[in-house]
$ cat protein-v3.txt   # compact mmCIF, C-alpha atoms and all ligand atoms
# COMPACT_ATOMS: atom_id res chain seq x y z
CA MET X 1 0.00 0.00 0.00
CA LYS X 2 1.16 3.51 -0.75
CA LEU X 3 1.65 5.67 2.33
CA THR X 4 -0.52 8.46 0.90
CA GLN X 5 -3.37 5.94 0.96
CA LEU X 6 -2.49 4.80 4.50
CA PHE X 7 -2.51 8.41 5.75
CA LYS X 8 -5.99 8.83 4.28
CA GLU X 9 -7.28 5.61 5.83
CA LYS X 10 -5.74 5.88 9.32
CA THR X 11 -6.27 8.92 11.48
CA GLU X 12 -3.14 8.12 13.50
CA THR X 13 -0.13 6.05 12.53
CA LEU X 14 2.89 4.74 14.41
CA SER X 15 5.90 3.61 12.38
CA PHE X 16 9.45 2.50 13.14
CA GLU X 17 12.78 3.10 11.45
CA VAL X 18 15.52 0.53 11.11
CA PHE X 19 18.92 0.61 9.44
CA PRO X 20 20.59 -2.06 7.29
CA PRO X 21 23.91 -3.72 8.23
CA LYS X 22 27.13 -1.94 7.28
CA ASP X 23 28.52 -5.19 5.86
CA GLY X 24 27.66 -8.86 5.43
CA LYS X 25 29.14 -9.83 8.83
CA ASN X 26 26.23 -8.66 10.96
CA TYR X 27 23.51 -9.11 8.33
CA ASP X 28 21.75 -11.87 10.27
CA SER X 29 21.65 -10.03 13.61
CA VAL X 30 20.39 -6.83 11.97
CA LYS X 31 17.79 -8.74 9.96
CA SER X 32 16.58 -10.47 13.08
CA ALA X 33 16.29 -7.15 15.00
CA THR X 34 14.21 -5.68 12.16
CA GLU X 35 12.01 -8.77 12.19
CA GLU X 36 11.40 -8.44 15.95
CA ILE X 37 10.23 -4.88 15.32
CA ALA X 38 8.06 -6.02 12.39
CA LYS X 39 6.32 -8.51 14.71
CA LEU X 40 4.93 -5.50 16.60
CA ASN X 41 2.88 -4.90 13.45
CA PRO X 42 3.47 -1.15 13.07
CA HIS X 43 1.62 0.78 10.37
CA TYR X 44 4.83 0.82 8.32
CA MET X 45 8.60 0.56 8.72
CA SER X 46 11.29 2.59 7.04
CA VAL X 47 14.70 1.21 6.14
CA THR X 48 17.55 3.70 5.86
CA TYR X 49 20.13 3.85 3.09
CA GLY X 50 23.79 3.73 4.15
CA ALA X 51 25.72 6.97 3.70
CA GLY X 52 27.54 6.75 0.38
CA GLY X 53 25.09 4.16 -0.93
CA GLY X 54 27.40 1.14 -0.52
CA THR X 55 24.82 -0.93 1.34
CA GLY X 56 21.86 -0.13 -0.91
CA GLU X 57 21.25 -3.78 -1.75
CA TYR X 58 20.66 -4.49 1.95
CA THR X 59 18.09 -1.70 2.11
CA VAL X 60 16.19 -3.37 -0.73
CA GLU X 61 16.55 -6.83 0.81
CA ILE X 62 15.45 -5.83 4.34
CA SER X 63 12.53 -3.79 2.94
CA ARG X 64 11.43 -6.76 0.87
CA ASN X 65 11.71 -9.17 3.80
CA LEU X 66 9.60 -6.98 6.11
CA GLN X 67 6.88 -6.56 3.53
CA GLU X 68 6.80 -10.05 2.01
CA ASN X 69 7.27 -12.14 5.13
CA PHE X 70 5.81 -9.94 7.88
CA GLY X 71 3.12 -8.05 5.99
CA VAL X 72 4.46 -4.64 7.12
CA ILE X 73 4.39 -1.81 4.55
CA SER X 74 8.00 -0.83 3.75
CA LEU X 75 9.34 2.62 3.09
CA ALA X 76 12.81 2.30 1.51
CA HIS X 77 15.16 5.27 1.84
CA LEU X 78 17.25 6.19 -1.20
CA THR X 79 20.02 8.79 -1.35
CA CYS X 80 21.51 10.33 -4.48
CA VAL X 81 24.36 12.79 -3.93
CA ASN X 82 27.09 10.20 -3.62
CA SER X 83 25.67 8.02 -6.42
CA LYS X 84 25.77 7.88 -10.16
CA ARG X 85 22.53 8.03 -12.10
CA GLU X 86 22.84 4.42 -13.31
CA VAL X 87 23.12 3.16 -9.70
CA VAL X 88 20.00 5.09 -8.71
CA TRP X 89 18.04 3.71 -11.65
CA LYS X 90 19.27 0.18 -10.93
CA ARG X 91 18.06 0.59 -7.33
CA LEU X 92 14.66 1.84 -8.53
CA ARG X 93 14.29 -1.25 -10.71
CA GLN X 94 15.28 -3.49 -7.78
CA LEU X 95 12.76 -1.78 -5.49
CA ARG X 96 10.00 -2.15 -8.05
CA GLU X 97 10.88 -5.81 -8.56
CA ALA X 98 10.82 -6.29 -4.74
CA GLY X 99 7.28 -4.92 -4.62
CA ILE X 100 8.25 -1.79 -2.66
CA GLU X 101 5.83 1.06 -3.31
CA ASN X 102 7.23 3.79 -1.05
CA ILE X 103 10.53 5.63 -1.24
CA LEU X 104 11.96 8.34 1.03
CA ALA X 105 13.99 10.37 -1.48
CA LEU X 106 17.04 11.98 0.10
CA ARG X 107 20.08 13.88 -0.97
CA GLY X 108 22.36 12.20 1.58
CA ASP X 109 25.16 13.81 3.54
CA LEU X 110 28.10 15.18 1.61
CA LEU X 111 31.14 12.95 2.03
CA PRO X 112 34.35 14.82 2.95
CA ASP X 113 36.22 13.23 0.02
CA ALA X 114 33.42 13.80 -2.51
CA ALA X 115 34.43 14.68 -6.07
CA ASP X 116 34.07 18.17 -7.53
CA PRO X 117 30.34 19.16 -7.39
CA SER X 118 30.39 19.89 -11.12
CA GLU X 119 30.88 16.14 -11.63
CA TRP X 120 27.95 15.07 -9.46
CA ASP X 121 24.87 13.61 -11.10
CA TYR X 122 22.66 15.01 -8.30
CA HIS X 123 22.94 18.05 -6.04
CA TYR X 124 19.60 18.10 -4.19
CA ALA X 125 16.90 15.65 -3.20
CA SER X 126 14.38 17.46 -5.42
CA GLU X 127 16.28 16.16 -8.47
CA LEU X 128 15.91 12.61 -7.17
CA VAL X 129 12.22 13.20 -6.48
CA SER X 130 11.72 14.30 -10.12
CA GLU X 131 13.53 11.24 -11.41
CA ILE X 132 11.56 8.81 -9.24
CA ARG X 133 8.41 10.46 -10.49
CA GLU X 134 9.64 10.04 -14.07
CA PHE X 135 10.39 6.35 -13.32
CA GLY X 136 6.80 6.04 -12.12
CA GLY X 137 4.80 3.89 -9.73
CA PHE X 138 6.22 4.98 -6.35
CA CYS X 139 4.77 7.05 -3.54
CA ILE X 140 7.56 9.53 -2.79
CA GLY X 141 8.43 11.08 0.57
CA GLY X 142 11.18 13.48 1.62
CA ALA X 143 12.95 14.82 4.70
CA CYS X 144 12.30 18.12 6.43
CA TYR X 145 13.99 19.97 9.28
CA PRO X 146 11.91 21.81 11.90
CA GLU X 147 15.08 23.55 13.15
CA GLY X 148 16.37 24.16 9.62
CA HIS X 149 18.88 21.99 7.77
CA VAL X 150 22.45 22.44 9.08
CA GLU X 151 23.70 23.80 5.76
CA SER X 152 20.93 26.35 5.50
CA GLU X 153 21.70 29.78 6.92
CA HIS X 154 18.10 31.01 6.89
CA SER X 155 15.08 28.84 7.58
CA LYS X 156 13.17 30.94 5.03
CA ASP X 157 15.45 29.56 2.27
CA ASP X 158 15.16 26.04 3.66
CA ILE X 159 11.36 26.26 3.48
CA ARG X 160 11.53 27.68 -0.05
CA HIS X 161 13.66 24.69 -1.12
CA LEU X 162 11.29 22.36 0.70
CA LYS X 163 8.41 23.78 -1.34
CA GLU X 164 10.43 23.11 -4.53
CA LYS X 165 10.91 19.51 -3.37
CA VAL X 166 7.19 19.09 -2.77
CA ASP X 167 6.39 20.71 -6.12
CA ALA X 168 8.78 18.24 -7.76
CA GLY X 169 6.54 15.39 -6.56
CA CYS X 170 7.23 14.74 -2.88
CA GLN X 171 3.94 13.50 -1.40
CA PHE X 172 4.73 13.46 2.32
CA LEU X 173 7.51 14.61 4.64
CA THR X 174 9.21 13.05 7.64
CA THR X 175 10.88 15.38 10.11
CA GLN X 176 14.33 15.27 11.55
CA MET X 177 14.16 14.47 15.27
CA PHE X 178 13.33 17.30 17.69
CA PHE X 179 12.90 17.43 21.45
CA ASP X 180 10.75 20.51 21.82
CA ASN X 181 7.30 20.22 20.24
CA ASN X 182 6.91 24.00 20.02
CA ILE X 183 9.63 23.97 17.37
CA LEU X 184 7.53 21.61 15.27
CA TYR X 185 4.32 23.60 15.77
CA ASN X 186 6.08 26.77 14.65
CA PHE X 187 7.58 24.98 11.63
CA LEU X 188 4.21 23.53 10.62
CA TYR X 189 2.66 26.96 10.78
CA ARG X 190 5.41 28.36 8.55
CA ILE X 191 5.36 25.59 5.93
CA ARG X 192 1.55 25.64 5.71
CA GLU X 193 1.79 29.39 5.16
CA ALA X 194 4.33 28.72 2.39
CA GLY X 195 1.76 26.48 0.66
CA ILE X 196 3.15 23.06 1.68
CA THR X 197 0.08 20.98 2.37
CA VAL X 198 1.36 17.36 2.22
CA PRO X 199 1.20 15.16 5.37
CA VAL X 200 4.08 15.71 7.79
CA VAL X 201 5.19 12.72 9.86
CA ALA X 202 6.86 13.67 13.16
CA GLY X 203 10.19 11.86 13.70
CA ILE X 204 10.75 11.08 17.38
CA MET X 205 13.94 9.69 18.85
CA PRO X 206 13.66 7.92 22.21
CA VAL X 207 17.08 8.70 23.66
CA THR X 208 18.33 5.69 25.56
CA GLY X 209 21.93 6.65 26.27
CA ALA X 210 23.83 9.80 27.23
CA ASN X 211 26.52 9.25 24.56
CA GLN X 212 23.89 8.85 21.89
CA ILE X 213 22.46 12.29 22.62
CA LYS X 214 25.90 13.97 22.64
CA ARG X 215 26.64 12.49 19.21
CA ILE X 216 23.27 13.51 17.81
CA CYS X 217 23.62 17.08 18.96
CA GLN X 218 27.16 17.40 17.60
CA LEU X 219 26.01 16.14 14.20
CA SER X 220 22.70 17.92 13.79
CA GLY X 221 22.77 20.83 16.27
CA THR X 222 19.38 19.72 17.62
CA TYR X 223 18.09 21.93 20.46
CA LEU X 224 17.79 20.24 23.85
CA PRO X 225 15.27 21.78 26.25
CA GLN X 226 16.40 22.30 29.83
CA ARG X 227 13.89 19.69 31.00
CA PHE X 228 15.54 17.12 28.75
CA LYS X 229 19.10 18.12 29.74
CA ALA X 230 18.16 17.65 33.39
CA ILE X 231 17.07 14.08 32.64
CA VAL X 232 20.38 13.31 30.89
CA ASP X 233 22.35 14.92 33.75
CA ARG X 234 20.48 12.97 36.38
CA PHE X 235 20.19 9.54 34.69
CA GLY X 236 22.93 9.59 32.01
CA SER X 237 25.30 7.42 34.04
CA GLU X 238 22.66 4.78 34.86
CA PRO X 239 21.89 2.99 31.55
CA ALA X 240 18.64 1.28 32.62
CA ALA X 241 17.26 4.45 34.22
CA MET X 242 18.30 6.57 31.23
CA LYS X 243 16.53 4.19 28.88
CA GLN X 244 13.32 4.29 30.92
CA ALA X 245 13.46 8.08 31.22
CA GLY X 246 14.24 8.52 27.49
CA ILE X 247 11.28 6.37 26.47
CA ALA X 248 9.02 8.22 28.93
CA TYR X 249 10.11 11.60 27.50
CA ALA X 250 9.44 10.42 23.93
CA THR X 251 6.04 9.06 24.99
CA GLU X 252 5.07 12.38 26.54
CA GLN X 253 6.22 14.22 23.43
CA ILE X 254 4.07 11.95 21.24
CA ILE X 255 0.98 12.35 23.42
CA ASP X 256 1.32 16.13 23.23
CA LEU X 257 1.73 15.93 19.43
CA LEU X 258 -1.37 13.79 19.06
CA ALA X 259 -3.34 16.07 21.37
CA ASN X 260 -2.40 18.95 19.06
CA GLY X 261 -3.34 17.25 15.79
CA VAL X 262 0.02 15.87 14.67
CA ASN X 263 -1.22 12.39 13.93
CA HIS X 264 1.57 10.52 12.19
CA ILE X 265 4.48 9.50 14.39
CA HIS X 266 7.70 7.87 13.21
CA ILE X 267 10.03 6.40 15.83
CA TYR X 268 13.77 6.37 15.25
CA SER X 269 13.95 2.95 16.84
CA MET X 270 17.58 2.29 15.84
CA ASN X 271 17.14 -1.50 15.51
CA LYS X 272 16.13 -1.78 19.18
CA PRO X 273 13.01 -3.97 19.38
CA GLU X 274 12.62 -3.42 23.14
CA VAL X 275 12.48 0.36 22.66
CA ALA X 276 9.93 0.09 19.84
CA GLU X 277 7.85 -2.31 21.90
CA GLN X 278 7.84 -0.13 25.00
CA VAL X 279 6.82 3.00 23.08
CA GLN X 280 4.05 1.06 21.36
CA LYS X 281 2.85 -0.34 24.72
CA ASN X 282 2.80 3.15 26.25
CA LEU X 283 0.49 4.28 23.43
CA SER X 284 -1.63 1.14 23.13
CA GLU X 285 -4.94 2.89 23.81
CA ILE X 286 -3.89 6.07 22.02
CA ILE X 287 -2.73 4.81 18.60
CA ARG X 288 -4.42 1.60 17.46
P1 LIG X 301 17.77 18.39 0.37
O1 LIG X 301 16.31 18.42 0.44
O2 LIG X 301 18.41 18.37 -0.97
O3 LIG X 301 18.33 19.64 1.21
C1 LIG X 301 19.72 19.72 1.54
C2 LIG X 301 20.13 21.17 1.70
O4 LIG X 301 20.15 21.81 0.41
C3 LIG X 301 19.18 22.01 2.55
O5 LIG X 301 19.95 22.92 3.27
C4 LIG X 301 18.31 22.72 1.52
O6 LIG X 301 17.78 23.94 2.01
C5 LIG X 301 19.33 22.95 0.40
N1 LIG X 301 18.74 23.03 -0.94
C6 LIG X 301 17.79 22.25 -1.47
N2 LIG X 301 17.54 22.60 -2.74
C7 LIG X 301 18.36 23.65 -3.03
C8 LIG X 301 18.60 24.45 -4.19
N3 LIG X 301 17.91 24.26 -5.31
N4 LIG X 301 19.54 25.44 -4.11
C9 LIG X 301 20.25 25.65 -2.98
N5 LIG X 301 20.07 24.91 -1.85
C10 LIG X 301 19.14 23.92 -1.87
N6 LIG X 301 20.89 10.12 5.16
C11 LIG X 301 21.35 8.95 4.63
O7 LIG X 301 22.51 8.88 4.16
N7 LIG X 301 20.54 7.82 4.59
C12 LIG X 301 19.27 7.83 5.05
O8 LIG X 301 18.58 6.80 5.00
C13 LIG X 301 18.76 9.04 5.63
N8 LIG X 301 17.48 9.11 6.10
C14 LIG X 301 17.00 10.29 6.59
C15 LIG X 301 15.66 10.37 7.03
C16 LIG X 301 15.14 11.55 7.54
C17 LIG X 301 13.70 11.59 7.99
C18 LIG X 301 15.99 12.69 7.63
C19 LIG X 301 15.45 13.97 8.22
C20 LIG X 301 17.31 12.64 7.20
C21 LIG X 301 17.82 11.45 6.67
N9 LIG X 301 19.14 11.37 6.19
C22 LIG X 301 19.62 10.20 5.66
C23 LIG X 301 20.05 12.53 6.28
C24 LIG X 301 19.99 13.40 4.99
O9 LIG X 301 20.52 12.69 3.90
C25 LIG X 301 20.81 14.65 5.27
O10 LIG X 301 20.19 15.45 6.24
C26 LIG X 301 21.19 15.49 4.05
O11 LIG X 301 22.19 16.43 4.46
C27 LIG X 301 20.05 16.28 3.43
O12 LIG X 301 19.19 15.46 2.77
P2 LIG X 301 17.79 16.04 2.18
O13 LIG X 301 17.18 14.96 1.41
O14 LIG X 301 17.02 16.69 3.23
O15 LIG X 301 18.39 17.16 1.16
$ encode --input "protein-v3.txt" --output "structure tokens" --more "lines below"
Ligand code: FAD
Amino acid sequence: MKLTQLFKEKTETLSFEVFPPKDGKNYDSVKSATEEIAKLNPHYMSVTYGAGGGTGEYTVEISRNLQENFGVISLAHLTCVNSKREVVWKRLRQLREAGIENILALRGDLLPDAADPSEWDYHYASELVSEIREFGGFCIGGACYPEGHVESEHSKDDIRHLKEKVDAGCQFLTTQMFFDNNILYNFLYRIREAGITVPVVAGIMPVTGANQIKRICQLSGTYLPQRFKAIVDRFGSEPAAMKQAGIAYATEQIIDLLANGVNHIHIYSMNKPEVAEQVQKNLSEIIR
């Protein structure tokens, strides 16, 4: 099923994200973690695409497995900036052949040793969106950044480029993680004002370790509210307590989002079935 259809049929959705293995060595353990999450029967699961594209075949394979053998709708991520056009088209053919109907079209992060930009086949996700549309048959999603993308100096420009991506054929958006819902509400107001009307899925990261949050903030510059910092300060050195507190914080965030009309929630579950399960349990009477 295409996600645009799912969003029409279900008032609220809860989905989980998993990532493929970096190499063949841990393929089985990663596959089994994704299967444990699939057994929770979420509305859909997304499978990321390794930076640089080297593990793209695993993304296809894991997406296929979840859909074919567990009956969970798959959303396969696909990046373009570090790929050649023929690789992207090959991947599109593989995804079609695997029965995948949904793609999250991304630019990907720029690799430090990337070739001269004039030699790149793609510069922005909107170019990939246009090509997937030309290929035909897929429901296409894209990423958005409530706090602005790190490379973007002004959020006004970021929103203008987001509108171009949607106009190119992007049918829904998934947000980067955020820890303060007011940032999302403000962003939604601004993108709606800019004429972006597609469904926006809120990406929520249950933080289960103090190191994890330090890494995330260094990479993405995500704002941490004082309330959240206090939790990390107090429980960061006690792994089990930090995990429980991180899941509780994410749950509270989700309940507030739902209470304010943000109905589609995507959990960055990081291949951790126990985290996905606990979040789902906490919301069992809220999202069905
Ligand atoms: P774009 O939409 O192309 O935007 C990138 C930057 O370019 C922005 O600053 C934008 O404002 C600017 N821009 C866009 N168009 C123009 C233009 N015409 N002129 C000038 N500037 C422009 N990475 C992976 O490697 N694999 C994954 O699976 C993956 N999954 C992700 C899932 C989500 C939900 C999110 C939020 C991110 C994900 N990422 C993933 C990270 C993503 O690849 C990076 O954030 C990347 O830097 C930007 O990708 P994008 O698709 O948002 O790019």
$ closest_residue --input "protein-v3.txt" --among "X:Pro239, X:Gly99, X:Gly203, X:Gly195" --to "ligand LIG 301 (chain X)" --atoms "only C-alpha atoms and all ligand atoms"
X:Gly203
$ axis_aligned_box --input "protein-v3.txt" --around "stretch 9-12 of chain X" --padding-each-side "6 Å" --output "JSON"
{"center_x": -5.2, "center_y": 7.3, "center_z": 9.7, "size_x": 16.1, "size_y": 15.3, "size_z": 19.7}
$ residues_near_ligand --input "protein-v3.txt" --ligand "ligand LIG 301 (chain X)" --cutoff "8 Å" --atoms "all atoms listed in the file" --output "VMD selection string"
chain X and resid 19 47 to 53 77 to 79 104 to 110 123 to 126 142 to 145 148 to 153 155 157 to 162 164 to 165 173 to 177 203
$ residues_around --input "protein-v3.txt" --residues "X:Phe178" --least-positions-apart "4" --cutoff "12 Å" --atoms "only C-alpha atoms" --output "MDAnalysis selection string"
chainID X and resid 144:148 174 182:185 187 202:207 213 216:217 220:225 228 249:250 253:254 257 266:268
$ atom_distance --input "protein-v3.txt" --atom1 "atom CA of X:Pro273" --atom2 "atom CA of X:Asn69"
17.4 Å
$ closest_residue --input "protein-v3.txt" --among "X:Ile62, X:Met1, X:Ala168, X:Cys80" --to "X:Val18" --atoms "all atoms listed in the file"
X:Ile62
$ residues_around --input "protein-v3.txt" --residues "X:Leu283" --least-positions-apart "5" --cutoff "9 Å" --atoms "all atoms listed in the file" --output "list in words"
Thr251, Ile254, Ile255, Gln278 and Arg288 of chain X
$ decode --input "protein-v3.txt" --residues "stretch 112-124 of chain X" --atoms "C-alpha atoms" --output "CSV table (one decimal), in the first residue's frame"
chain,number,residue,atom,x,y,z
X,112,PRO,CA,34.3,14.8,2.9
X,113,ASP,CA,36.2,13.2,0.0
X,114,ALA,CA,33.4,13.8,-2.5
X,115,ALA,CA,34.4,14.7,-6.1
X,116,ASP,CA,34.1,18.2,-7.5
X,117,PRO,CA,30.3,19.2,-7.4
X,118,SER,CA,30.4,19.9,-11.1
X,119,GLU,CA,30.9,16.1,-11.6
X,120,TRP,CA,27.9,15.1,-9.5
X,121,ASP,CA,24.9,13.6,-11.1
X,122,TYR,CA,22.7,15.0,-8.3
X,123,HIS,CA,22.9,18.0,-6.0
X,124,TYR,CA,19.6,18.1,-4.2
